[in-house]
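These notes concern the structure reproduced below.
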Amino acid sequence: MAQFNYLNELNSLATIDGPLTRGPLQRWAKKTNNENHNPSLSASHKNISNANISSCNQSMQKLSLSANQSCNNSVLSSNKTPTRNENKKGKKTPSKNKSPGRSTTPTPNKASKTPNKADRFIPSRSNSNYDLCHYMMSRDDDKGEEVVAQTAAGEAIGRALTDTEPGRLLQYTCKAPAAPEGYQNRLRVVYSQAKVPSSVKNTTRYIPQAPDRILDAPDILDDYYLNLVDWSASNILAVALNNTVYLWNAMTGQIEQLLTLESSENVCSVSWVQGGGSHLAVGTSSATVELWDCERIKRLRVMDGHTGRVGSLAWNLHVVSSGSRDGNIVHHDVRQRDHAVATVRAHTHEICGLKWSPDGRYLASGGNDNLLNIWPIAQGQHYSQPQYLYSFNQHLAAVKGIAWCPWSSGILASGGGTADRTIRIWNVNTGANLNTVDTKSQVCSILWSTHYKELISGHGYANNQLVIWKYPLMSRVAELTGHVARVLHLALSPDGVTVVSAGADETLRLWKCFMLDPSKKKEPTDTKAAKSILNMNSLIR
């Protein structure tokens, strides 16, 4: 019989459909045995389970109610989303060896073992206002700003909307990187920080803060209404010092004296003829305009027509226009014996600024009567009509600084004196004031750059500086300091790189503030003496 017992054991071990008679009891079997032995404990477990389910339902109802009535973050933080372990409280899932005396501490999950390092940008939930975000996303944008009901939730959302910065409803623990200069939208730079826009690269250039050269200008008149410096197309700088005019060759550095008036007279203005050449017009305190040939150091003629000193001059081909203290503009045709071809009653006070546009269509005049007048050219002539096209009265002080844009037709810049201190940009084609900037100091002179969309201005008290402005926004590009008195006059070199400033501190300073980018080389400007547009044989001496 022993052999049969051995065979029966083999058959029982090979059978998998029968009941398990060996090994530990399964969890459901242990659960059944415990309930049979402790019926009261089983009932208490059921009550506890039902109580947990009802409390969970109540908490969920409170959570939904509080979400509809309040946007307080403290309410949301106290009603947390039920975790996985809390959802399993009410279920009768069999557990292993669940006895009253066993510890109920949950097993730490895998998230707690993960180090505090992540590969994502995770938002800070404690700093986010979800009720406010839900309100902003669910409201009807077509109806605009709706009136929220006067409830606790409505008042809270209203306060939150008032205090919340636009675009910051959802925020991160670490602030987004700041946008580089040149970006228009600050919200586009979170993932494009490394890429710098081309506009930023093009705006950066080196501007020397110190002058390239300093020249002495003793006895230069400290008079706001005069124009004592001009730079010719042949690279000769003319400077009037009291009653004497000097010529400085910028190529060789040679200085030559052109003329000296009588001791009782003063030179009030100088202006080179257009198109190069060696002819210089000189305005004097004796109400005359003299024409000089600087190559031969010879005076060609003297032209009258004013009753006061001539403080401003402007050329338009062979016609030189002069502005005087008597308020008149006289147009002189230097080719004719009767040079005074037209006289215009322009201002009620002294004329201190006078400039022809590069195309010769308009003449701009500024006076001590705080007016800026625009005069159109006469039909078929090279002088202006007697009636102005525009008369701008926005300036509150004398208008001396006048400059026409060399690369945009009809654009004019004007600057006012101490009581005004503003630079205004005009479009004379439409009569519109395009922009106005308060410079905080007296504007004595203005020049446009021929290489950049910029202009430079010379100022008086309190900083006596030169300021470079970016057009058309009129933002400051750089400030050049060094003068200890107001900067009275500015002139631009023929190559458009150097600006000379004449100050009341009796110095001339040369600034290389418009140097070209070395990577963008430009053909050098021919600085040789060009042939004058005036025919020497046609001049009446």
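Here's how to read the names in the structure tokens: chain A, B, ... by the order shown, residue numbers from 1 in each chain, ligand numbers from 1 in the order shown.
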
Which neighbours of A:His489 fall inside 9 Å, counting only C-alpha atoms, when residues of the same chain fewer than 2 positions from it are skipped, and could you give them as a ChimeraX atom specification? /A:224,226-230,444-446,458,487,491,500-503

Any idea what's packed within 8 Å of A:Val273, counting only C-alpha atoms, ignoring anything in its chain fewer than 3 positions away? Could you give it as a count of residues only? 11

Selection: 7 Å around A:Glu290, only C-alpha atoms, excl. self and same-chain fewer than 3 positions, as a list in words: Ala281, Val282, Gly283, Arg301, Val302 and Met303 of chain A

Okay, now the selection with N, CA, C and O atoms, as a PDB file, in the first residue's frame?
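Written file, again.pdb:
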ATOM      1  N   ALA A 281      30.580 134.480 -47.369  1.00  0.00           N
ATOM      2  CA  ALA A 281      29.784 135.673 -47.057  1.00  0.00           C
ATOM      3  C   ALA A 281      29.967 135.995 -45.583  1.00  0.00           C
ATOM      4  O   ALA A 281      29.931 135.104 -44.719  1.00  0.00           O
ATOM      5  N   VAL A 282      30.149 137.276 -45.294  1.00  0.00           N
ATOM      6  CA  VAL A 282      30.422 137.731 -43.925  1.00  0.00           C
ATOM      7  C   VAL A 282      29.425 138.839 -43.587  1.00  0.00           C
ATOM      8  O   VAL A 282      29.344 139.851 -44.308  1.00  0.00           O
ATOM      9  N   GLY A 283      28.658 138.631 -42.504  1.00  0.00           N
ATOM     10  CA  GLY A 283      27.752 139.659 -42.016  1.00  0.00           C
ATOM     11  C   GLY A 283      28.395 140.465 -40.906  1.00  0.00           C
ATOM     12  O   GLY A 283      29.062 139.904 -40.021  1.00  0.00           O
ATOM     13  N   ARG A 301      32.913 142.266 -52.986  1.00  0.00           N
ATOM     14  CA  ARG A 301      31.918 143.332 -52.975  1.00  0.00           C
ATOM     15  C   ARG A 301      31.304 143.455 -51.590  1.00  0.00           C
ATOM     16  O   ARG A 301      31.406 142.555 -50.760  1.00  0.00           O
ATOM     17  N   VAL A 302      30.650 144.594 -51.356  1.00  0.00           N
ATOM     18  CA  VAL A 302      29.928 144.877 -50.117  1.00  0.00           C
ATOM     19  C   VAL A 302      28.479 145.154 -50.483  1.00  0.00           C
ATOM     20  O   VAL A 302      28.203 145.992 -51.364  1.00  0.00           O
ATOM     21  N   MET A 303      27.555 144.456 -49.806  1.00  0.00           N
ATOM     22  CA  MET A 303      26.122 144.562 -50.121  1.00  0.00           C
ATOM     23  C   MET A 303      25.386 145.060 -48.880  1.00  0.00           C
ATOM     24  O   MET A 303      25.571 144.536 -47.775  1.00  0.00           O
TER      25      MET A 303
END

Could you pull the residues within 8 Å of A:His332, counting only C-alpha atoms, minus those fewer than 4 positions along the same chain, as a VMD selection string? chain A and resid 303 319 to 322 339 to 342

Go ahead and write the selection's residues with C-alpha atoms as a PDB file, in the first residue's frame.
ATOM      1  CA  MET A 303      26.122 144.562 -50.121  1.00  0.00           C
ATOM      2  CA  VAL A 319      21.559 133.980 -53.923  1.00  0.00           C
ATOM      3  CA  VAL A 320      22.620 134.697 -50.358  1.00  0.00           C
ATOM      4  CA  SER A 321      19.809 135.543 -47.904  1.00  0.00           C
ATOM      5  CA  SER A 322      20.606 137.667 -44.872  1.00  0.00           C
ATOM      6  CA  HIS A 339      22.105 142.702 -55.708  1.00  0.00           C
ATOM      7  CA  ALA A 340      18.964 143.219 -53.540  1.00  0.00           C
ATOM      8  CA  VAL A 341      16.407 141.276 -55.583  1.00  0.00           C
ATOM      9  CA  ALA A 342      13.822 140.957 -52.793  1.00  0.00           C
TER      10      ALA A 342
END
